[in-house]
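Undergrad: Data file work05.cif (mmCIF, C-alpha atoms) is appended below.
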data_start
loop_
_atom_site.label_atom_id
_atom_site.label_comp_id
_atom_site.auth_asym_id
_atom_site.auth_seq_id
_atom_site.Cartn_x
_atom_site.Cartn_y
_atom_site.Cartn_z
CA MET T 1 9.27 108.19 -6.35
CA ARG T 2 12.97 107.62 -6.75
CA ASN T 3 15.06 109.01 -9.54
CA ILE T 4 15.95 105.96 -11.63
CA PHE T 5 18.86 107.67 -13.36
CA TRP T 6 20.42 108.70 -10.03
CA ASP T 7 19.91 105.17 -8.68
CA ARG T 8 21.71 103.70 -11.68
CA CYS T 9 24.59 106.17 -11.33
CA CYS T 10 24.91 105.24 -7.66
CA ASN T 11 24.91 101.56 -8.55
CA ILE T 12 27.69 102.07 -11.10
CA ILE T 13 29.78 104.04 -8.61
CA ALA T 14 29.23 101.36 -5.96
CA ALA T 15 30.17 98.61 -8.45
CA ILE T 16 33.39 100.39 -9.48
CA PHE T 17 34.34 100.99 -5.87
CA PHE T 18 33.58 97.36 -5.04
CA ILE T 19 36.13 96.22 -7.64
CA TYR T 20 38.66 98.71 -6.20
CA LEU T 21 37.86 97.48 -2.69
CA LEU T 22 38.49 93.87 -3.68
CA TRP T 23 41.89 94.78 -5.09
CA ARG T 24 43.15 97.47 -2.74
CA GLY T 25 41.27 96.40 0.36
CA PHE T 26 41.10 92.64 0.56
CA TYR T 27 44.02 91.64 -1.63
CA GLY T 28 46.17 94.33 -0.02
CA ILE T 29 45.29 93.19 3.48
CA PHE T 30 46.00 89.53 2.68
CA ASP T 31 49.32 90.54 1.17
CA ASP T 32 50.29 92.64 4.19
CA VAL T 33 49.25 89.95 6.66
CA LYS T 34 51.34 87.42 4.73
CA TYR T 35 54.31 89.82 4.87
CA MET T 36 53.87 90.46 8.58
CA ILE T 37 53.77 86.74 9.35
CA TYR T 38 56.95 86.31 7.30
CA ALA T 39 58.50 89.27 9.16
CA ILE T 40 57.61 87.78 12.56
CA PHE T 41 59.35 84.49 11.73
CA TYR T 42 62.29 86.34 10.15
CA MET T 43 62.77 88.48 13.27
CA ARG T 44 62.67 85.43 15.51
CA ASP T 45 65.12 83.44 13.37
CA ASN T 46 67.62 86.25 12.67
CA GLN T 47 67.22 88.31 15.83
CA THR T 48 66.78 91.51 13.88
CA SER T 49 64.00 94.03 14.01
CA PHE T 50 61.97 95.44 11.15
CA THR T 51 61.78 99.20 10.82
CA SER T 52 59.47 101.52 8.95
CA PHE T 53 61.98 101.29 6.09
CA ASP T 54 60.97 97.65 5.65
CA PHE T 55 57.26 97.92 6.34
CA ASP T 56 55.33 101.07 7.19
CA ILE T 57 52.71 99.74 9.57
CA PHE T 58 51.02 103.02 10.47
CA TYR T 59 50.56 104.00 6.85
CA SER T 60 49.05 100.60 6.03
CA LEU T 61 46.70 100.65 9.02
CA GLY T 62 45.63 104.19 8.23
CA SER T 63 44.95 103.48 4.58
CA TYR T 64 42.85 100.36 5.26
CA CYS T 65 40.86 102.08 8.00
CA PHE T 66 40.18 104.93 5.58
CA ILE T 67 39.12 102.69 2.68
CA PHE T 68 36.73 100.64 4.79
CA GLY T 69 35.60 103.69 6.75
CA ILE T 70 34.36 105.47 3.66
CA THR T 71 32.48 102.37 2.50
CA PHE T 72 30.60 102.41 5.80
CA ALA T 73 30.08 106.17 5.98
CA ILE T 74 29.04 107.06 2.43
CA PRO T 75 25.49 105.86 1.59
CA ILE T 76 26.26 105.31 -2.10
CA LEU T 77 29.09 102.96 -1.24
CA ARG T 78 27.15 101.30 1.55
CA LYS T 79 24.94 99.81 -1.16
CA MET T 80 27.60 97.12 -1.60
CA TYR T 81 26.77 95.71 1.82
CA ARG T 82 23.10 95.51 0.90
CA ALA T 83 23.84 93.88 -2.43
CA PHE T 84 26.29 91.37 -0.91
CA PRO T 85 25.14 90.40 2.59
CA TRP T 86 28.32 88.37 3.20
CA LEU T 87 30.54 91.42 2.63
CA TYR T 88 29.94 93.20 5.90
CA PRO T 89 30.89 90.33 8.26
CA ILE T 90 33.97 89.51 6.17
CA THR T 91 35.07 93.16 6.10
CA LEU T 92 34.80 93.56 9.84
CA THR T 93 36.56 90.32 10.72
CA ILE T 94 39.37 90.91 8.21
CA LEU T 95 39.96 94.41 9.54
CA LEU T 96 40.05 93.19 13.14
CA ASP T 97 42.39 90.33 12.22
CA TYR T 98 44.70 92.82 10.54
CA VAL T 99 44.77 95.09 13.59
CA ILE T 100 45.51 92.12 15.88
CA ILE T 101 48.41 90.87 13.81
CA ALA T 102 49.73 94.40 13.34
CA LEU T 103 49.87 94.82 17.11
CA GLY T 104 51.78 91.54 17.41
CA TYR T 105 54.21 92.65 14.72
CA MET T 106 54.80 95.99 16.49
CA ILE T 107 55.40 94.27 19.84
CA LEU T 108 57.97 91.89 18.35
CA SER T 109 59.61 94.61 16.31
CA TYR T 110 60.10 96.68 19.45
CA GLY T 111 61.37 93.70 21.40
CA TYR T 112 64.03 92.86 18.84
CA GLN T 113 65.48 96.36 18.75
CA ILE T 114 68.01 95.16 21.30
CA ILE T 115 69.84 91.87 20.81
CA ASN T 116 69.37 90.19 24.16
CA VAL T 117 68.20 86.59 24.34
CA SER T 118 66.03 86.96 27.44
CA ARG T 119 64.44 90.19 26.21
CA ASN T 120 63.76 88.66 22.81
CA LYS T 121 62.14 85.59 24.37
CA MET T 122 60.04 87.75 26.69
CA PHE T 123 58.69 89.88 23.88
CA PHE T 124 58.01 86.80 21.76
CA ILE T 125 55.90 85.38 24.60
CA ILE T 126 54.15 88.75 25.05
CA MET T 127 53.32 88.74 21.34
CA ILE T 128 51.85 85.23 21.50
CA VAL T 129 49.80 86.13 24.58
CA GLN T 130 48.55 89.27 22.85
CA LEU T 131 47.54 87.37 19.72
CA VAL T 132 45.71 84.68 21.68
CA VAL T 133 43.96 87.11 24.04
CA CYS T 134 42.85 89.40 21.24
CA ARG T 135 41.59 86.55 19.07
CA VAL T 136 39.71 84.91 21.94
CA SER T 137 38.20 88.26 22.98
CA MET T 138 37.09 88.87 19.41
CA CYS T 139 35.48 85.43 19.21
CA ILE T 140 33.70 85.86 22.56
CA TYR T 141 32.43 89.28 21.52
CA PHE T 142 31.05 88.01 18.25
CA LYS T 143 29.53 85.02 20.00
CA PHE T 144 27.38 87.36 22.10
CA LYS T 145 26.94 90.04 19.45
CA PRO T 146 27.05 88.26 16.13
CA ILE T 147 27.65 90.27 12.99
CA ARG T 148 24.57 90.18 10.88
CA HIS T 149 24.15 91.45 7.37
CA ILE T 150 22.61 94.92 7.12
CA MET V 1 -27.13 70.84 5.18
CA ASN V 2 -24.91 70.07 2.23
CA LYS V 3 -25.21 73.63 1.00
CA GLU V 4 -24.35 74.91 4.46
CA GLN V 5 -21.41 72.57 4.68
CA GLU V 6 -20.29 73.65 1.21
CA SER V 7 -20.52 77.33 2.12
CA ARG V 8 -18.58 76.67 5.34
CA ASN V 9 -15.93 74.79 3.37
CA THR V 10 -15.57 77.58 0.80
CA ASN V 11 -15.28 80.11 3.60
CA LYS V 12 -12.66 77.98 5.23
CA SER V 13 -10.74 77.61 1.97
CA ASN V 14 -10.89 81.37 1.34
CA ASN V 15 -9.59 81.95 4.82
CA TYR V 16 -6.90 79.34 4.15
CA TYR V 17 -5.72 81.21 1.02
CA ASP V 18 -5.75 84.56 2.85
CA HIS V 19 -3.74 83.02 5.65
CA SER V 20 -1.26 81.46 3.22
CA TYR V 21 -0.76 84.88 1.52
CA ASN V 22 0.07 86.31 4.91
CA LEU V 23 2.50 83.45 5.58
CA LEU V 24 4.26 83.99 2.25
CA ASP V 25 4.57 87.72 2.89
CA SER V 26 5.98 87.25 6.36
CA ASN V 27 8.33 84.44 5.44
CA ALA V 28 11.32 86.70 5.10
CA ASN V 29 10.62 88.65 8.26
CA SER V 30 8.53 87.34 11.14
CA ASN V 31 8.09 90.78 12.65
CA ALA V 32 4.41 91.58 13.37
CA LYS V 33 4.79 95.08 12.02
CA SER V 34 6.09 93.88 8.68
CA ASN V 35 3.26 91.34 8.59
CA GLU V 36 0.89 94.22 8.84
CA ILE V 37 2.72 96.12 6.13
CA SER V 38 3.00 93.18 3.76
CA SER V 39 -0.62 92.20 4.25
CA THR V 40 -1.70 95.64 3.19
CA TYR V 41 0.85 95.81 0.34
CA PHE V 42 -0.99 93.69 -2.16
CA SER V 43 -4.32 95.32 -1.58
CA SER V 44 -3.15 98.98 -1.35
CA SER V 45 -3.28 102.01 -3.55
CA VAL V 46 -0.33 104.04 -4.92
CA ASP V 47 -0.27 106.27 -1.83
CA ASP V 48 0.14 103.25 0.36
CA ILE V 49 3.01 101.98 -1.79
CA VAL V 50 4.80 105.31 -1.44
CA GLU V 51 4.17 105.31 2.28
CA ASN V 52 5.52 101.79 2.57
CA GLU V 53 8.68 102.74 0.68
CA TYR V 54 9.11 105.74 2.97
CA ILE V 55 8.73 103.55 6.05
CA GLU V 56 11.23 101.03 4.63
CA GLU V 57 13.66 103.86 3.93
CA ILE V 58 13.42 105.08 7.52
CA GLU V 59 13.84 101.55 8.89
CA ARG V 60 16.88 101.00 6.66
CA LYS V 61 18.48 104.26 7.82
CA GLU V 62 17.92 103.27 11.43
CA ARG V 63 19.55 99.89 10.80
CA GLU V 64 22.51 101.47 9.01
CA LYS V 65 23.10 104.24 11.54
CA PRO V 66 25.63 102.17 13.57
CA LEU V 67 27.46 101.44 10.34
CA PHE V 68 27.67 105.15 9.54
CA ILE V 69 29.07 105.87 13.01
CA LEU V 70 31.58 103.03 12.62
CA GLY V 71 32.63 104.50 9.28
CA LEU V 72 33.27 107.92 10.82
CA VAL V 73 35.23 106.34 13.66
CA LEU V 74 37.40 104.41 11.20
CA ILE V 75 38.05 107.56 9.17
CA CYS V 76 39.12 109.44 12.34
CA ILE V 77 41.37 106.52 13.32
CA SER V 78 42.92 106.53 9.85
CA PHE V 79 43.77 110.24 10.17
CA CYS V 80 45.36 109.54 13.56
CA PHE V 81 47.50 106.76 12.08
CA ILE V 82 48.52 108.89 9.13
CA TYR V 83 49.44 111.71 11.54
CA LEU V 84 51.47 109.26 13.66
CA ASP V 85 53.29 108.07 10.56
CA GLN V 86 55.25 111.24 10.18
CA GLY V 87 57.90 109.43 8.23
CA THR V 88 61.49 110.49 8.30
CA LYS V 89 61.87 114.27 8.39
CA TRP V 90 64.80 114.90 6.14
CA ASP V 91 66.91 117.92 6.95
CA ASN V 92 68.20 119.62 3.81
CA SER V 93 69.45 122.78 5.52
CA LYS V 94 72.93 124.19 5.04
CA VAL V 95 74.00 122.86 8.43
CA ALA V 96 72.97 119.34 7.43
CA MET V 97 74.60 119.56 3.99
CA ASP V 98 77.84 120.84 5.51
CA ALA V 99 77.77 118.03 8.06
CA LEU V 100 77.41 115.50 5.24
CA LYS V 101 80.25 117.10 3.32
CA TYR V 102 82.78 117.50 6.15
CA ARG V 103 81.54 114.58 8.29
CA VAL V 104 81.63 116.76 11.41
CA SER V 105 79.44 119.53 12.76
CA THR V 106 79.04 121.61 15.88
CA GLU V 107 75.53 122.74 14.97
CA LEU V 108 73.89 119.45 14.13
CA LYS V 109 71.11 118.41 16.51
CA PRO V 110 70.87 114.80 17.70
CA GLY V 111 68.38 112.86 15.61
CA THR V 112 68.89 114.84 12.42
CA ALA V 113 68.25 112.72 9.34
CA MET V 114 69.89 113.66 6.09
CA GLN V 115 68.59 111.93 3.02
CA SER V 116 70.98 112.58 0.24
CA ALA V 117 74.57 111.56 -0.09
CA LYS V 118 74.49 108.58 2.20
CA TYR V 119 77.08 106.91 0.05
CA GLU V 120 79.27 109.91 -0.73
CA ASN V 121 82.43 110.76 1.18
CA GLU V 122 81.78 107.85 3.47
CA LEU V 123 84.87 106.61 5.16
CA SER V 124 85.25 104.53 8.21
CA LYS V 125 87.69 106.33 10.49
CA ASP V 126 88.94 106.54 14.02
CA VAL V 127 88.69 109.93 15.69
CA LYS V 128 90.82 111.57 18.37
CA ILE V 129 88.98 114.17 20.45
CA LYS V 130 90.55 116.53 22.96
CA ASN V 131 88.53 117.13 26.10
CA ASN V 132 89.20 120.68 27.28
CA THR V 133 86.62 120.59 30.04
CA ASN V 134 86.90 119.41 33.63
CA LYS V 135 83.92 117.12 33.31
CA LYS V 136 84.44 113.56 34.43
CA LYS V 137 81.40 112.22 32.64
CA THR V 138 79.71 113.17 29.45
CA LYS V 139 76.64 112.27 27.44
CA ILE V 140 76.71 110.87 23.95
CA TRP V 141 73.90 110.60 21.44
CA VAL V 142 74.04 107.86 18.82
CA TRP V 143 71.63 107.73 15.89
CA ASP V 144 71.28 106.70 12.25
CA TYR V 145 71.52 109.85 10.17
CA ALA V 146 70.26 108.16 6.99
CA ASP V 147 67.58 105.50 6.34
CA GLU V 148 66.65 103.23 9.23
CA ASP V 149 67.76 100.10 7.45
CA GLY V 150 68.31 97.72 10.34
CA ASP V 151 71.86 98.53 11.44
CA TYR V 152 72.98 97.21 14.82
CA VAL V 153 75.95 98.56 16.80
CA GLN V 154 77.41 98.01 20.23
CA ILE V 155 79.23 100.58 22.33
CA SER V 156 82.25 99.77 24.49
CA VAL V 157 84.09 102.11 26.81
CA ASN V 158 87.69 101.26 27.71
CA GLY V 159 87.11 97.70 26.53
CA LYS V 160 83.94 97.22 28.58
CA GLU V 161 80.64 96.88 26.75
CA ILE V 162 77.88 99.22 27.89
CA GLY V 163 74.62 97.51 27.13
CA ASP V 164 73.63 95.03 24.46
CA PRO V 165 73.84 95.55 20.70
CA PHE V 166 71.01 97.82 19.66
CA LEU V 167 69.25 98.95 16.51
CA ILE V 168 70.21 102.48 15.53
CA LEU V 169 67.25 104.61 14.55
CA ASN V 170 66.74 108.23 13.57
CA LYS V 171 65.69 108.80 17.16
CA PRO V 172 68.96 109.07 19.15
CA ARG V 173 69.92 106.87 22.07
CA VAL V 174 71.62 108.54 25.00
CA PHE V 175 74.51 107.11 27.00
CA THR V 176 76.53 108.51 29.85
CA ILE V 177 80.21 107.66 29.63
CA PRO V 178 83.49 108.78 31.20
CA ALA V 179 84.89 111.94 29.63
CA GLU V 180 88.28 110.36 29.17
CA GLY V 181 89.09 107.05 27.58
CA GLU V 182 88.47 105.05 24.45
CA ILE V 183 85.02 104.58 23.01
CA GLU V 184 84.50 101.80 20.50
CA ILE V 185 81.55 101.56 18.17
CA LYS V 186 81.36 98.01 16.90
CA GLY V 187 79.29 97.09 13.87
CA ILE V 188 77.13 94.07 14.74
CA LYS V 189 74.64 93.78 11.89
CA ASP V 190 74.53 95.62 8.62
CA GLY V 191 71.19 96.45 7.05
CA ILE V 192 72.10 97.79 3.64
CA ASN V 193 75.42 99.17 2.39
CA GLY V 194 77.29 99.70 5.62
CA ILE V 195 76.41 100.85 9.11
CA SER V 196 76.19 104.62 8.97
CA TYR V 197 75.76 106.41 12.24
CA ALA V 198 76.27 109.77 13.89
CA ILE V 199 77.60 110.38 17.37
CA LYS V 200 77.44 113.65 19.29
CA PHE V 201 79.49 114.42 22.37
CA ASP V 202 78.03 116.65 25.03
CA PHE V 203 81.30 118.17 26.33
CA ASN V 204 82.26 119.74 23.01
CA GLY V 205 78.83 119.77 21.30
CA THR V 206 80.29 118.18 18.19
CA SER V 207 78.65 115.55 16.00
CA TYR V 208 80.70 113.08 13.98
CA LEU V 209 79.28 111.18 11.01
CA ASN V 210 80.92 107.83 10.52
CA LEU V 211 80.63 104.48 8.85
CA VAL V 212 81.53 101.09 10.26
CA ASN V 213 81.38 97.69 8.60
CA GLU V 214 79.98 94.56 10.12
CA GLY V 215 82.42 93.06 12.59
CA LYS V 216 84.71 96.11 12.50
CA VAL V 217 85.27 98.81 15.11
CA ASN V 218 85.50 102.60 15.08
CA LYS V 219 87.47 104.17 17.92
CA PHE V 220 86.83 107.57 19.46
CA SER V 221 89.75 108.45 21.74
CA LEU V 222 88.93 111.11 24.35
CA VAL V 223 92.10 112.73 25.69
CA LYS V 224 92.61 115.56 28.12
#
Produce structure tokens that represent the structure in this file.

TA:
Amino acid sequence: MRNIFWDRCCNIIAAIFFIYLLWRGFYGIFDDVKYMIYAIFYMRDNQTSFTSFDFDIFYSLGSYCFIFGITFAIPILRKMYRAFPWLYPITLTILLDYVIIALGYMILSYGYQIINVSRNKMFFIIMIVQLVVCRVSMCIYFKFKPIRHI
Amino acid sequence: MNKEQESRNTNKSNNYYDHSYNLLDSNANSNAKSNEISSTYFSSSVDDIVENEYIEEIERKEREKPLFILGLVLICISFCFIYLDQGTKWDNSKVAMDALKYRVSTELKPGTAMQSAKYENELSKDVKIKNNTNKKKTKIWVWDYADEDGDYVQISVNGKEIGDPFLILNKPRVFTIPAEGEIEIKGIKDGINGISYAIKFDFNGTSYLNLVNEGKVNKFSLVK
């Protein structure tokens, strides 16, 4: 028979982490995506690149992968996905969306390091192609292997 | 006959209720195995309940195994990203501090970033350099010795532009230029508080720290 006290402690820990995840994970990702979209349009309009001084992409990617990774790996925290069946599909799609747009941002940022009209246009097109290809691939993959609740 | 019919009807109705219990139990999961489990659940003893919980636990762990692996993969990826994001490695050695103070150094390596005193002793100046070697061409390294704040410069040699305006980063860019002539560093775009850059010449191994404003030019005259 299960230890009720331990179960309750685990539930409290999972609940507290869920609140942290909503704030640091989801809100943070939405904020960063909004900033990256702003940065992409800013780079295109002003022909300037963004550096790590403006937005540290690797640190952001690393921190979100870590936060969501521990929710998947640690059984106590995984309880959240059992309690909220909608959480797992949303987490996975948001994380993938973030990676896709981060790649686009990095491509454009690299392309605008040199002020040359043809180079800038080429990298802008590469970015658009990358975004479309990645999104379509993601949709096709989830069409054949849909994300189900755990 | 009526009694027989009645008994048949009651049997049928009992069977109907048993069947409906099974349907209710299997409503959530149409798996045959879980049908078996749920059909025994209501009529089992404590041992059976414990066994059922144990079986459910095992099934749940099997279902969540891919999630656990995904979690480990994400954690490894996060460590890779954090390792890649080394950040700017600030050099606070004596060589770097002297370079910041005197604005020139023969020991400074290309790509050295110096955090403090970006805004101290900063003057935009033209430099005259004597070339005592017989070399006809030389390499130059150009980099941002402070924060990478989006400064763009363009290099011209003897009035001719070599390449397009580029973003100066902590990582140096290398150019090969004639060892005699006039090199102009033109400020194209200013990130924050002036375009600070460092330039190192290969023929004399000397680095010069300089500042140029947007639209202005710094000249480095190489004379023999």

Undergrad: Output as a tab-separated table one row per residue of chain V within 6 Å of chain T: the closest atom pair and its distance in Å to one decimal place, counting all atoms listed in the file, sorted by chain and residue number ascending.

TA:
residue	atom	partner	partner_atom	distance
V:Leu67	CA	T:Phe72	CA	5.6
V:Phe68	CA	T:Ala73	CA	4.4
V:Gly71	CA	T:Gly69	CA	4.0
V:Leu74	CA	T:Gly69	CA	4.9
V:Ile75	CA	T:Phe66	CA	4.9
V:Ser78	CA	T:Gly62	CA	3.9
V:Phe81	CA	T:Gly62	CA	5.0
V:Ile82	CA	T:Gly62	CA	5.6
V:Asp85	CA	T:Phe58	CA	5.5
V:Glu148	CA	T:Phe53	CA	6.0
V:Pro165	CA	T:Ile115	CA	5.4
V:Phe166	CA	T:Ile114	CA	4.3
V:Leu167	CA	T:Gln113	CA	5.1

Undergrad: Could those residues be written to a file, using C-alpha atoms, as a short mmCIF file (atom, residue, chain, number, x, y, z; two decimals), in the frame of the given file?

TA:
data_model
loop_
_atom_site.label_atom_id
_atom_site.label_comp_id
_atom_site.auth_asym_id
_atom_site.auth_seq_id
_atom_site.Cartn_x
_atom_site.Cartn_y
_atom_site.Cartn_z
CA LEU V 67 27.46 101.44 10.34
CA PHE V 68 27.67 105.15 9.54
CA GLY V 71 32.63 104.50 9.28
CA LEU V 74 37.40 104.41 11.20
CA ILE V 75 38.05 107.56 9.17
CA SER V 78 42.92 106.53 9.85
CA PHE V 81 47.50 106.76 12.08
CA ILE V 82 48.52 108.89 9.13
CA ASP V 85 53.29 108.07 10.56
CA GLU V 148 66.65 103.23 9.23
CA PRO V 165 73.84 95.55 20.70
CA PHE V 166 71.01 97.82 19.66
CA LEU V 167 69.25 98.95 16.51
#

Undergrad: If I take CA of Ile12 (chain T) and CA of Ile49 (chain V), how far is one from the other in Å, to one decimal?

TA: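 If I compute the distance from CA of Ile12 (chain T) to CA of Ile49 (chain V), I get 26.4 Å.
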
Undergrad: Please report as JSON lines every residue of region 86-145 of chain T lying within 12 Å of region 32-46 of chain T, along with the nearest atom pair and their distance in Å (one decimal), using all atoms listed in the file.

TA:
{"residue": "T:Ile94", "atom": "CA", "partner": "T:Val33", "partner_atom": "CA", "distance": 10.0}
{"residue": "T:Leu95", "atom": "CA", "partner": "T:Val33", "partner_atom": "CA", "distance": 10.7}
{"residue": "T:Leu96", "atom": "CA", "partner": "T:Val33", "partner_atom": "CA", "distance": 11.7}
{"residue": "T:Asp97", "atom": "CA", "partner": "T:Val33", "partner_atom": "CA", "distance": 8.8}
{"residue": "T:Tyr98", "atom": "CA", "partner": "T:Val33", "partner_atom": "CA", "distance": 6.6}
{"residue": "T:Val99", "atom": "CA", "partner": "T:Val33", "partner_atom": "CA", "distance": 9.7}
{"residue": "T:Ile100", "atom": "CA", "partner": "T:Val33", "partner_atom": "CA", "distance": 10.2}
{"residue": "T:Ile101", "atom": "CA", "partner": "T:Val33", "partner_atom": "CA", "distance": 7.3}
{"residue": "T:Ala102", "atom": "CA", "partner": "T:Met36", "partner_atom": "CA", "distance": 7.4}
{"residue": "T:Leu103", "atom": "CA", "partner": "T:Met36", "partner_atom": "CA", "distance": 10.4}
{"residue": "T:Gly104", "atom": "CA", "partner": "T:Ile40", "partner_atom": "CA", "distance": 8.5}
{"residue": "T:Tyr105", "atom": "CA", "partner": "T:Ile40", "partner_atom": "CA", "distance": 6.3}
{"residue": "T:Met106", "atom": "CA", "partner": "T:Ile40", "partner_atom": "CA", "distance": 9.5}
{"residue": "T:Ile107", "atom": "CA", "partner": "T:Ile40", "partner_atom": "CA", "distance": 10.0}
{"residue": "T:Leu108", "atom": "CA", "partner": "T:Ile40", "partner_atom": "CA", "distance": 7.1}
{"residue": "T:Ser109", "atom": "CA", "partner": "T:Met43", "partner_atom": "CA", "distance": 7.5}
{"residue": "T:Tyr110", "atom": "CA", "partner": "T:Met43", "partner_atom": "CA", "distance": 10.6}
{"residue": "T:Gly111", "atom": "CA", "partner": "T:Met43", "partner_atom": "CA", "distance": 9.8}
{"residue": "T:Tyr112", "atom": "CA", "partner": "T:Met43", "partner_atom": "CA", "distance": 7.2}
{"residue": "T:Gln113", "atom": "CA", "partner": "T:Met43", "partner_atom": "CA", "distance": 10.0}
{"residue": "T:Ile114", "atom": "CA", "partner": "T:Met43", "partner_atom": "CA", "distance": 11.7}
{"residue": "T:Ile115", "atom": "CA", "partner": "T:Asn46", "partner_atom": "CA", "distance": 10.1}
{"residue": "T:Asn116", "atom": "CA", "partner": "T:Arg44", "partner_atom": "CA", "distance": 11.9}
{"residue": "T:Val117", "atom": "CA", "partner": "T:Arg44", "partner_atom": "CA", "distance": 10.5}
{"residue": "T:Arg119", "atom": "CA", "partner": "T:Arg44", "partner_atom": "CA", "distance": 11.8}
{"residue": "T:Asn120", "atom": "CA", "partner": "T:Arg44", "partner_atom": "CA", "distance": 8.1}
{"residue": "T:Lys121", "atom": "CA", "partner": "T:Arg44", "partner_atom": "CA", "distance": 8.9}
{"residue": "T:Met122", "atom": "CA", "partner": "T:Arg44", "partner_atom": "CA", "distance": 11.7}
{"residue": "T:Phe123", "atom": "CA", "partner": "T:Arg44", "partner_atom": "CA", "distance": 10.3}
{"residue": "T:Phe124", "atom": "CA", "partner": "T:Arg44", "partner_atom": "CA", "distance": 7.9}
{"residue": "T:Ile125", "atom": "CA", "partner": "T:Arg44", "partner_atom": "CA", "distance": 11.3}
{"residue": "T:Met127", "atom": "CA", "partner": "T:Ile40", "partner_atom": "CA", "distance": 9.8}
{"residue": "T:Ile128", "atom": "CA", "partner": "T:Ile40", "partner_atom": "CA", "distance": 10.9}

Undergrad: When the PyMOL selection byres ((chain V and resi 183) around 9) is applied to the structure above, which residues does it catch, written out as JSON, numbers by chain?

TA: {"V": [155, 156, 157, 158, 159, 177, 181, 182, 184, 185, 218, 219, 220, 221, 222]}

Undergrad: How would the residues just chosen look if you wrote them out with C-alpha atoms as a compact mmCIF listing (two decimals), in the coordinates of the input?

TA:
# COMPACT_ATOMS: atom_id res chain seq x y z
CA ILE V 155 79.23 100.58 22.33
CA SER V 156 82.25 99.77 24.49
CA VAL V 157 84.09 102.11 26.81
CA ASN V 158 87.69 101.26 27.71
CA GLY V 159 87.11 97.70 26.53
CA ILE V 177 80.21 107.66 29.63
CA GLY V 181 89.09 107.05 27.58
CA GLU V 182 88.47 105.05 24.45
CA GLU V 184 84.50 101.80 20.50
CA ILE V 185 81.55 101.56 18.17
CA ASN V 218 85.50 102.60 15.08
CA LYS V 219 87.47 104.17 17.92
CA PHE V 220 86.83 107.57 19.46
CA SER V 221 89.75 108.45 21.74
CA LEU V 222 88.93 111.11 24.35

Undergrad: How many Å lie between CA of Asn204 (chain V) and CA of Lys94 (chain V), rounded to one decimal?

TA: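 Separation of CA of Asn204 (chain V) and CA of Lys94 (chain V): 20.7 Å.
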
Undergrad: Quick one: pull the distance between CA of Glu107 (chain V) and CA of Lys200 (chain V), Å, one decimal.

TA: 10.2 Å

Undergrad: Counting only C-alpha atoms, which residues come within 6 Å of (82.1, 112.7, 29.6), with the point read in the file's coordinates, and could you list them as a list in words?

TA: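 The requested residues, written out, are Lys136, Lys137, Thr138, Lys139, Ile177, Pro178 and Ala179 of chain V.
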
Undergrad: Using all atoms listed in the file, can you tell me which of V:Lys216, V:Lys171, V:Lys189, V:Arg103 comes closest to Gly87 (chain V)?

TA: V:Lys171

Undergrad: Go ahead and find all residues with at least one atom no further than 7 Å from (84.8, 99.1, 8.9) in the file's coordinates, using all atoms listed in the file; report them as an NGL selection string.

TA: :V and (124 or 211-214 or 216-217)

Undergrad: Could you give me, as a VMD selection string, the residues within 9 Å of Phe26 (chain T), counting all atoms listed in the file and dropping anything in the same chain fewer than 5 positions from it?

TA: chain T and resid 21 31 91 94

Undergrad: Can you pull out every residue within 6 Å of Tyr208 (chain V), counting all atoms listed in the file, but drop anything in the same chain fewer than 2 positions away, and send it as a list in words?

TA: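 Near Tyr208 (chain V), the qualifying residues are Arg103, Val104, Ala198 and Ile199 of chain V.
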
Undergrad: Hey, could you pull the box centre and edge lengths for region 179-197 of chain V, axis-aligned, 6 Å padding per side, all listed atoms, to one decimal in Å, as AutoDock Vina command-line options?

TA:
--center_x 80.1 --center_y 102.9 --center_z 16.0 --size_x 29.9 --size_y 30.2 --size_z 39.2

Undergrad: If we count all atoms listed in the file and set the cut-off at 12 Å, which residues sit around Arg63 (chain V), ignoring sequence neighbours fewer than 4 positions away in its own chain? Please answer as a PDB file with C-alpha atoms, keeping the file's coordinate frame.

TA:
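Wrote it out as part05.pdb, contents follow:
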ATOM      1  CA  ARG T  82      23.100  95.510   0.900  1.00  0.00           C
ATOM      2  CA  ARG T 148      24.570  90.180  10.880  1.00  0.00           C
ATOM      3  CA  HIS T 149      24.150  91.450   7.370  1.00  0.00           C
ATOM      4  CA  ILE T 150      22.610  94.920   7.120  1.00  0.00           C
TER       5      ILE T 150
ATOM      6  CA  GLU V  56      11.230 101.030   4.630  1.00  0.00           C
ATOM      7  CA  GLU V  57      13.660 103.860   3.930  1.00  0.00           C
ATOM      8  CA  ILE V  58      13.420 105.080   7.520  1.00  0.00           C
ATOM      9  CA  GLU V  59      13.840 101.550   8.890  1.00  0.00           C
ATOM     10  CA  LEU V  67      27.460 101.440  10.340  1.00  0.00           C
ATOM     11  CA  PHE V  68      27.670 105.150   9.540  1.00  0.00           C
ATOM     12  CA  ILE V  69      29.070 105.870  13.010  1.00  0.00           C
TER      13      ILE V  69
END
